[in-house]
$ cat target.txt   # compact mmCIF, C-alpha atoms and all ligand atoms
# COMPACT_ATOMS: atom_id res chain seq x y z
CA MET Z 1 21.48 2.65 5.16
CA ASP Z 2 19.53 2.78 8.42
CA ASN Z 3 16.10 2.39 6.85
CA LEU Z 4 15.00 -0.91 5.38
CA ILE Z 5 12.04 0.75 3.68
CA GLU Z 6 11.44 4.34 2.66
CA VAL Z 7 8.05 5.32 1.30
CA ASN Z 8 8.24 8.66 -0.50
CA ASP Z 9 5.20 10.71 -1.55
CA LEU Z 10 3.28 7.55 -2.49
CA HIS Z 11 0.11 8.10 -4.55
CA PHE Z 12 -2.25 5.44 -5.85
CA SER Z 13 -5.78 5.34 -7.27
CA TYR Z 14 -8.15 2.52 -8.15
CA GLY Z 15 -9.59 4.13 -11.31
CA PRO Z 16 -10.97 7.48 -10.22
CA HIS Z 17 -10.84 6.54 -6.51
CA LYS Z 18 -7.75 8.14 -4.96
CA VAL Z 19 -6.64 5.97 -2.05
CA LEU Z 20 -3.04 7.01 -1.30
CA LYS Z 21 -2.45 10.76 -1.56
CA GLY Z 22 1.19 11.25 -0.64
CA ILE Z 23 2.29 8.78 2.06
CA ASN Z 24 5.73 9.33 3.59
CA LEU Z 25 7.08 6.85 6.12
CA THR Z 26 10.18 4.84 6.99
CA ILE Z 27 10.77 1.39 8.48
CA PRO Z 28 14.15 1.54 10.26
CA ARG Z 29 16.28 -1.60 10.47
CA GLY Z 30 15.65 -3.71 13.55
CA LYS Z 31 12.48 -1.84 14.56
CA ILE Z 32 8.80 -2.72 14.74
CA VAL Z 33 6.59 -0.12 13.11
CA GLY Z 34 2.82 -0.04 13.57
CA ILE Z 35 0.54 1.23 10.81
CA MET Z 36 -2.91 2.13 12.02
CA GLY Z 37 -6.00 3.49 10.41
CA ALA Z 38 -9.70 2.86 10.08
CA SER Z 39 -11.03 0.19 7.76
CA GLY Z 40 -10.68 1.27 4.13
CA CYS Z 41 -8.04 3.94 4.73
CA GLY Z 42 -5.58 2.20 2.41
CA LYS Z 43 -3.37 0.02 4.65
CA SER Z 44 -3.53 -3.08 2.43
CA THR Z 45 -3.08 -0.89 -0.64
CA LEU Z 46 0.08 0.51 0.93
CA LEU Z 47 1.40 -2.98 1.77
CA SER Z 48 0.77 -4.13 -1.80
CA HIS Z 49 3.29 -1.50 -2.93
CA PHE Z 50 5.98 -3.02 -0.68
CA GLY Z 51 6.00 -6.26 -2.67
CA GLY Z 52 5.37 -4.55 -6.01
CA GLN Z 53 1.88 -6.04 -6.49
CA LEU Z 54 0.68 -2.48 -7.18
CA ARG Z 55 2.52 0.28 -9.02
CA PRO Z 56 2.37 3.85 -7.65
CA SER Z 57 0.88 6.61 -9.78
CA ARG Z 58 3.41 8.94 -8.15
CA GLY Z 59 6.21 8.55 -5.59
CA SER Z 60 8.05 5.37 -4.69
CA VAL Z 61 8.79 2.58 -2.24
CA ASN Z 62 12.48 2.03 -1.67
CA PHE Z 63 13.44 -1.37 -0.18
CA MET Z 64 17.08 -2.01 0.77
CA GLY Z 65 18.17 0.71 -1.64
CA GLN Z 66 16.07 -0.54 -4.59
CA VAL Z 67 13.08 1.31 -6.04
CA ILE Z 68 10.42 -1.40 -6.11
CA HIS Z 69 8.47 -0.23 -9.18
CA GLU Z 70 11.68 -0.07 -11.26
CA LEU Z 71 12.58 -3.75 -10.70
CA SER Z 72 12.30 -6.50 -13.32
CA ASN Z 73 10.12 -9.54 -12.57
CA ASP Z 74 13.19 -11.59 -11.58
CA GLU Z 75 14.41 -8.86 -9.24
CA LEU Z 76 10.93 -8.51 -7.73
CA TYR Z 77 10.81 -12.26 -7.09
CA LYS Z 78 14.09 -12.01 -5.15
CA VAL Z 79 12.85 -8.99 -3.19
CA ARG Z 80 9.64 -10.79 -2.21
CA LEU Z 81 11.71 -13.63 -0.76
CA LYS Z 82 13.14 -11.09 1.67
CA MET Z 83 9.63 -10.24 2.89
CA GLY Z 84 7.76 -12.65 5.17
CA MET Z 85 4.01 -12.12 5.48
CA MET Z 86 1.54 -13.19 8.11
CA PHE Z 87 -2.11 -12.55 7.40
CA GLN Z 88 -5.12 -12.37 9.67
CA MET Z 89 -6.38 -15.58 8.11
CA SER Z 90 -3.34 -17.76 8.75
CA GLY Z 91 -3.17 -18.84 5.09
CA LEU Z 92 -1.98 -22.35 6.04
CA PHE Z 93 -2.71 -25.09 3.51
CA THR Z 94 -5.43 -27.15 5.16
CA ASP Z 95 -4.43 -30.41 3.43
CA MET Z 96 -0.81 -30.31 4.64
CA THR Z 97 0.67 -31.03 8.04
CA VAL Z 98 2.21 -28.21 10.06
CA TYR Z 99 5.65 -29.52 9.03
CA ASP Z 100 4.83 -29.49 5.30
CA ASN Z 101 3.27 -26.04 5.59
CA MET Z 102 6.51 -24.80 7.12
CA ALA Z 103 8.72 -26.60 4.58
CA PHE Z 104 6.66 -25.39 1.61
CA PRO Z 105 8.35 -21.97 1.07
CA LEU Z 106 11.80 -23.56 1.41
CA ARG Z 107 10.99 -26.36 -1.06
CA GLU Z 108 9.45 -23.81 -3.48
CA HIS Z 109 12.11 -21.13 -3.36
CA THR Z 110 15.39 -22.82 -2.45
CA ASP Z 111 17.51 -25.84 -3.42
CA LEU Z 112 18.24 -26.75 0.19
CA PRO Z 113 18.53 -30.50 0.96
CA GLU Z 114 15.68 -32.09 2.94
CA GLU Z 115 17.90 -32.66 6.01
CA LEU Z 116 18.59 -28.93 6.25
CA ILE Z 117 14.93 -28.05 5.60
CA HIS Z 118 14.04 -30.42 8.43
CA ASP Z 119 16.32 -28.66 10.89
CA LEU Z 120 15.26 -25.17 9.79
CA VAL Z 121 11.57 -26.07 10.15
CA LEU Z 122 12.07 -27.53 13.63
CA MET Z 123 14.16 -24.54 14.70
CA LYS Z 124 11.44 -22.09 13.65
CA LEU Z 125 8.66 -24.22 15.20
CA HIS Z 126 10.67 -24.44 18.40
CA ALA Z 127 10.90 -20.62 18.49
CA VAL Z 128 7.09 -20.41 18.68
CA GLY Z 129 6.80 -23.33 21.12
CA LEU Z 130 5.25 -25.76 18.61
CA ARG Z 131 8.02 -28.18 17.68
CA ASN Z 132 5.83 -31.03 18.85
CA ALA Z 133 2.87 -29.97 16.73
CA ARG Z 134 4.74 -30.74 13.50
CA ASP Z 135 2.54 -33.71 12.53
CA LEU Z 136 -0.81 -32.04 13.23
CA MET Z 137 -3.09 -30.77 10.49
CA PRO Z 138 -4.13 -27.08 10.59
CA GLY Z 139 -7.69 -28.15 11.42
CA ASP Z 140 -6.39 -29.72 14.66
CA LEU Z 141 -4.90 -26.44 15.91
CA SER Z 142 -6.53 -23.75 18.06
CA GLY Z 143 -6.79 -20.27 16.55
CA GLY Z 144 -3.81 -19.08 18.57
CA MET Z 145 -1.66 -22.09 17.61
CA GLU Z 146 -2.56 -21.65 13.95
CA ARG Z 147 -1.47 -18.02 14.12
CA ARG Z 148 1.82 -19.10 15.74
CA VAL Z 149 2.53 -21.59 12.92
CA ALA Z 150 1.77 -18.84 10.39
CA LEU Z 151 4.15 -16.58 12.26
CA ALA Z 152 6.89 -19.22 12.23
CA ARG Z 153 6.29 -19.82 8.52
CA ALA Z 154 6.69 -16.09 7.81
CA THR Z 155 10.22 -16.33 9.22
CA VAL Z 156 11.30 -19.60 7.59
CA THR Z 157 13.07 -18.10 4.56
CA ASP Z 158 15.00 -15.71 6.82
CA PRO Z 159 13.42 -12.52 5.52
CA ALA Z 160 14.73 -9.02 6.26
CA LEU Z 161 11.19 -7.73 6.78
CA ILE Z 162 8.15 -9.40 8.31
CA ILE Z 163 4.75 -7.91 7.56
CA TYR Z 164 1.88 -8.72 9.89
CA ASP Z 165 -1.58 -7.86 8.58
CA GLU Z 166 -4.03 -7.79 11.51
CA PRO Z 167 -2.12 -10.37 13.58
CA PHE Z 168 -4.34 -9.91 16.65
CA ALA Z 169 -7.77 -10.11 15.03
CA GLY Z 170 -10.16 -12.64 16.57
CA LEU Z 171 -7.79 -13.95 19.26
CA ASP Z 172 -8.62 -14.47 22.93
CA PRO Z 173 -6.62 -12.21 25.31
CA ILE Z 174 -4.05 -14.88 26.22
CA SER Z 175 -3.31 -15.92 22.62
CA LEU Z 176 -3.25 -12.26 21.68
CA ASN Z 177 -0.61 -11.54 24.30
CA THR Z 178 1.40 -14.58 23.19
CA ILE Z 179 1.39 -13.46 19.55
CA ALA Z 180 2.32 -9.89 20.49
CA ASN Z 181 5.26 -11.09 22.60
CA LEU Z 182 6.38 -13.46 19.85
CA ILE Z 183 6.38 -10.67 17.28
CA ARG Z 184 8.73 -8.68 19.51
CA LYS Z 185 10.87 -11.70 20.40
CA LEU Z 186 11.28 -12.87 16.80
CA ASN Z 187 12.01 -9.36 15.57
CA ASP Z 188 14.84 -8.96 18.04
CA ALA Z 189 16.19 -12.52 17.89
CA LEU Z 190 16.24 -12.66 14.08
CA GLY Z 191 17.45 -9.06 13.69
CA VAL Z 192 14.67 -8.27 11.21
CA SER Z 193 12.37 -5.27 10.83
CA SER Z 194 8.63 -5.69 11.26
CA VAL Z 195 5.52 -3.89 10.12
CA VAL Z 196 2.33 -4.49 12.07
CA VAL Z 197 -0.90 -3.36 10.47
CA THR Z 198 -3.64 -3.35 13.05
CA TYR Z 199 -6.65 -1.65 14.59
CA ASP Z 200 -5.52 -2.71 18.04
CA LEU Z 201 -3.64 0.30 19.33
CA ALA Z 202 -3.59 -0.84 22.96
CA GLU Z 203 -1.91 -4.15 22.08
CA SER Z 204 0.47 -2.65 19.54
CA LEU Z 205 1.67 -0.05 22.00
CA LYS Z 206 3.12 -2.90 24.07
CA ILE Z 207 5.47 -4.03 21.30
CA VAL Z 208 6.02 -1.39 18.59
CA ASP Z 209 8.80 1.18 18.46
CA TYR Z 210 6.96 3.70 16.31
CA ILE Z 211 3.45 4.21 14.96
CA TYR Z 212 1.98 5.89 11.90
CA PHE Z 213 -1.72 6.79 11.63
CA ILE Z 214 -3.19 6.92 8.16
CA HIS Z 215 -6.37 8.74 7.28
CA ASP Z 216 -7.75 9.84 3.94
CA GLY Z 217 -4.62 8.71 2.10
CA ILE Z 218 -1.97 10.51 4.14
CA VAL Z 219 -0.10 10.10 7.45
CA VAL Z 220 -2.01 12.24 9.95
CA ALA Z 221 -0.08 11.39 13.12
CA GLN Z 222 3.11 9.58 14.04
CA GLY Z 223 5.35 9.04 17.01
CA ASP Z 224 6.88 6.62 19.47
CA VAL Z 225 4.86 4.93 22.19
CA SER Z 226 5.10 7.66 24.83
CA GLU Z 227 4.21 10.32 22.27
CA MET Z 228 1.12 8.33 21.31
CA VAL Z 229 0.02 7.71 24.89
CA ASN Z 230 0.34 11.41 25.72
CA SER Z 231 -0.97 12.66 22.39
CA GLN Z 232 -3.81 15.14 22.29
CA ASP Z 233 -4.29 14.49 18.58
CA SER Z 234 -7.94 13.68 17.92
CA PHE Z 235 -7.17 10.70 15.62
CA VAL Z 236 -4.82 9.13 18.11
CA ARG Z 237 -7.23 9.64 21.00
CA GLN Z 238 -10.14 8.18 19.04
CA PHE Z 239 -8.10 5.01 18.42
CA LEU Z 240 -6.59 4.82 21.87
CA HIS Z 241 -9.96 5.07 23.58
CA ALA Z 242 -11.96 3.33 20.84
CA GLU Z 243 -14.31 6.32 20.68
CA PRO Z 244 -17.14 6.08 18.15
CA ASP Z 245 -17.16 9.87 17.71
CA GLY Z 246 -14.18 11.69 16.33
CA PRO Z 247 -12.51 12.60 13.06
CA ILE Z 248 -12.85 9.02 11.73
CA ALA Z 249 -16.36 8.91 10.34
CA PHE Z 250 -18.70 5.92 10.69
CA GLN Z 251 -20.25 6.50 7.25
CA TYR Z 252 -18.45 5.60 4.02
CA PRO Z 253 -18.24 8.92 2.07
CA SER Z 254 -21.61 9.50 0.44
CA GLN Z 255 -23.97 12.15 -0.86
CA PRO Z 256 -26.29 13.79 1.70
CA TYR Z 257 -28.67 11.15 3.11
CA PRO Z 258 -31.97 12.78 1.96
CA ASN Z 259 -30.65 12.78 -1.65
CA ASP Z 260 -30.40 8.98 -1.48
CA LEU Z 261 -34.00 8.43 -0.43
CA ASN Z 262 -36.85 8.05 -2.92
CA ILE Z 263 -39.47 9.80 -0.77
CA LYS Z 264 -38.42 13.42 -0.25
CA ALA Z 265 -39.46 15.34 2.85
N1 LIG Z 301 -9.17 -3.80 -6.14
C1 LIG Z 301 -9.81 -2.69 -5.77
N2 LIG Z 301 -10.56 -1.99 -6.67
C2 LIG Z 301 -11.20 -0.86 -6.32
N3 LIG Z 301 -11.17 -0.32 -5.06
C3 LIG Z 301 -10.47 -0.98 -4.14
C4 LIG Z 301 -9.75 -2.20 -4.42
N4 LIG Z 301 -9.14 -2.60 -3.30
C5 LIG Z 301 -9.44 -1.69 -2.34
N5 LIG Z 301 -10.23 -0.71 -2.83
C6 LIG Z 301 -10.73 0.45 -2.10
O1 LIG Z 301 -9.60 1.19 -1.68
C7 LIG Z 301 -9.79 1.68 -0.37
C8 LIG Z 301 -8.66 1.20 0.53
O2 LIG Z 301 -8.74 -0.22 0.67
P1 LIG Z 301 -7.70 -1.04 1.55
O3 LIG Z 301 -8.11 -2.47 1.46
O4 LIG Z 301 -6.32 -0.67 1.14
O5 LIG Z 301 -8.01 -0.46 2.99
P2 LIG Z 301 -7.58 -1.04 4.44
O6 LIG Z 301 -7.19 0.15 5.24
O7 LIG Z 301 -6.57 -2.11 4.26
O8 LIG Z 301 -8.94 -1.65 4.98
P3 LIG Z 301 -9.20 -2.85 6.03
O9 LIG Z 301 -8.57 -2.42 7.31
O10 LIG Z 301 -10.68 -2.96 6.11
O11 LIG Z 301 -8.54 -4.08 5.43
C9 LIG Z 301 -11.18 1.21 0.09
O12 LIG Z 301 -12.10 2.28 -0.12
C10 LIG Z 301 -11.50 0.06 -0.83
O13 LIG Z 301 -12.87 -0.03 -1.06
$ encode --input "target.txt" --output "structure tokens"
Amino acid sequence: MDNLIEVNDLHFSYGPHKVLKGINLTIPRGKIVGIMGASGCGKSTLLSHFGGQLRPSRGSVNFMGQVIHELSNDELYKVRLKMGMMFQMSGLFTDMTVYDNMAFPLREHTDLPEELIHDLVLMKLHAVGLRNARDLMPGDLSGGMERRVALARATVTDPALIIYDEPFAGLDPISLNTIANLIRKLNDALGVSSVVVTYDLAESLKIVDYIYFIHDGIVVAQGDVSEMVNSQDSFVRQFLHAEPDGPIAFQYPSQPYPNDLNIKA
């Protein structure tokens, strides 16, 4: 099977609020796929279906040949071990050293002996250039270093898929470039697939193989990097040039403005 993940006609609502209205996308093995869309378009909701935290109202997510919402709790637990996650907020435990943060998933989810955990942790820290930061506390790290440790930790259980949720947010340009290059390097060196959820189209174009744009619960544009750069699609252009005006509205959907005011004209 060439695709690690296949999302088929995925629908999901929070109560009456329909968020996903028929998403179709694939994450091919060995590739980095970008998922873009304005705030609130449903990116996190989509990701929550990958790990089975949410159950679709229609459609499915297929991961390595298994339909996620049909799995038992034990099977889901095993599937989640194959997914590494890196969040915008690094999610490091502030009261543990870098080393213990890295060792935590291995101690929690495996029976590996401490000597092996030690070597795995140092190998992964070395890959992000931070082997020597092992004894530091998260509070002693710069924002970029913290993100690198989180990135290394996402790879420590040798997942098949790494999911990055807003990996570039709040970083200075140099750290941002470092993280982007590391995402590409780790993807290729570890032979994994990666999903990068981001607003930063310019930065993602440097590292992704394929991009999906989500708007109003469906995929509205997709393509490889050159297709995106040359696209005349209004969604793509609004993102690429960070234009305030375009199909992505500034206002959260609402009733006409005068109806909301107490004093009528
Ligand atoms: N637990 C929830 N209950 C009700 N509505 C929710 C819940 N979580 C999210 N929503 C709504 O679902 C929609 C999609 O939210 P989601 O967080 O998936 O968007 P997003 O694209 O990830 O946004 P952002 O980029 O800002 O993180 C939003 O309108 C949000 O308000």
$ residues_near_point --input "target.txt" --point "(14.0, -32.2, 8.3)" --cutoff "12 Å" --atoms "only C-alpha atoms" --output "MDAnalysis selection string"
chainID Z and resid 99:100 102:103 106:107 112:125 131 134
$ residues_near_ligand --input "target.txt" --ligand "ligand LIG 301 (chain Z)" --cutoff "8 Å" --atoms "all atoms listed in the file" --output "ChimeraX atom specification"
/Z:13-15,17-19,37-46,198-199
$ write_last_selection --input "target.txt" --atoms "C-alpha atoms" --output "PDB file, keeping the file's coordinate frame"
ATOM      1  CA  SER Z  13      -5.780   5.340  -7.270  1.00  0.00           C
ATOM      2  CA  TYR Z  14      -8.150   2.520  -8.150  1.00  0.00           C
ATOM      3  CA  GLY Z  15      -9.590   4.130 -11.310  1.00  0.00           C
ATOM      4  CA  HIS Z  17     -10.840   6.540  -6.510  1.00  0.00           C
ATOM      5  CA  LYS Z  18      -7.750   8.140  -4.960  1.00  0.00           C
ATOM      6  CA  VAL Z  19      -6.640   5.970  -2.050  1.00  0.00           C
ATOM      7  CA  GLY Z  37      -6.000   3.490  10.410  1.00  0.00           C
ATOM      8  CA  ALA Z  38      -9.700   2.860  10.080  1.00  0.00           C
ATOM      9  CA  SER Z  39     -11.030   0.190   7.760  1.00  0.00           C
ATOM     10  CA  GLY Z  40     -10.680   1.270   4.130  1.00  0.00           C
ATOM     11  CA  CYS Z  41      -8.040   3.940   4.730  1.00  0.00           C
ATOM     12  CA  GLY Z  42      -5.580   2.200   2.410  1.00  0.00           C
ATOM     13  CA  LYS Z  43      -3.370   0.020   4.650  1.00  0.00           C
ATOM     14  CA  SER Z  44      -3.530  -3.080   2.430  1.00  0.00           C
ATOM     15  CA  THR Z  45      -3.080  -0.890  -0.640  1.00  0.00           C
ATOM     16  CA  LEU Z  46       0.080   0.510   0.930  1.00  0.00           C
ATOM     17  CA  THR Z 198      -3.640  -3.350  13.050  1.00  0.00           C
ATOM     18  CA  TYR Z 199      -6.650  -1.650  14.590  1.00  0.00           C
TER      19      TYR Z 199
END
$ closest_residue --input "target.txt" --among "Z:Tyr212, Z:Thr97, Z:Asn177, Z:Asp111" --to "Z:Leu25" --atoms "all atoms listed in the file"
Z:Tyr212
$ residues_around --input "target.txt" --residues "Z:Pro138" --least-positions-apart "2" --cutoff "7 Å" --atoms "only C-alpha atoms" --output "MDAnalysis selection string"
chainID Z and resid 92 94 97:98 136 140:141 146
$ atom_distance --input "target.txt" --atom1 "atom CA of Z:Tyr210" --atom2 "atom CA of Z:Val196"
10.3 Å
$ closest_residue --input "target.txt" --among "Z:Leu201, Z:Ile179, Z:Met83, Z:Ala221" --to "Z:Gly34" --atoms "only C-alpha atoms"
Z:Leu201
$ residues_around --input "target.txt" --residues "stretch 54-62 of chain Z" --least-positions-apart "2" --cutoff "8 Å" --atoms "only C-alpha atoms" --output "VMD selection string"
chain Z and resid 5 to 13 22 45 48 to 52 64 to 69
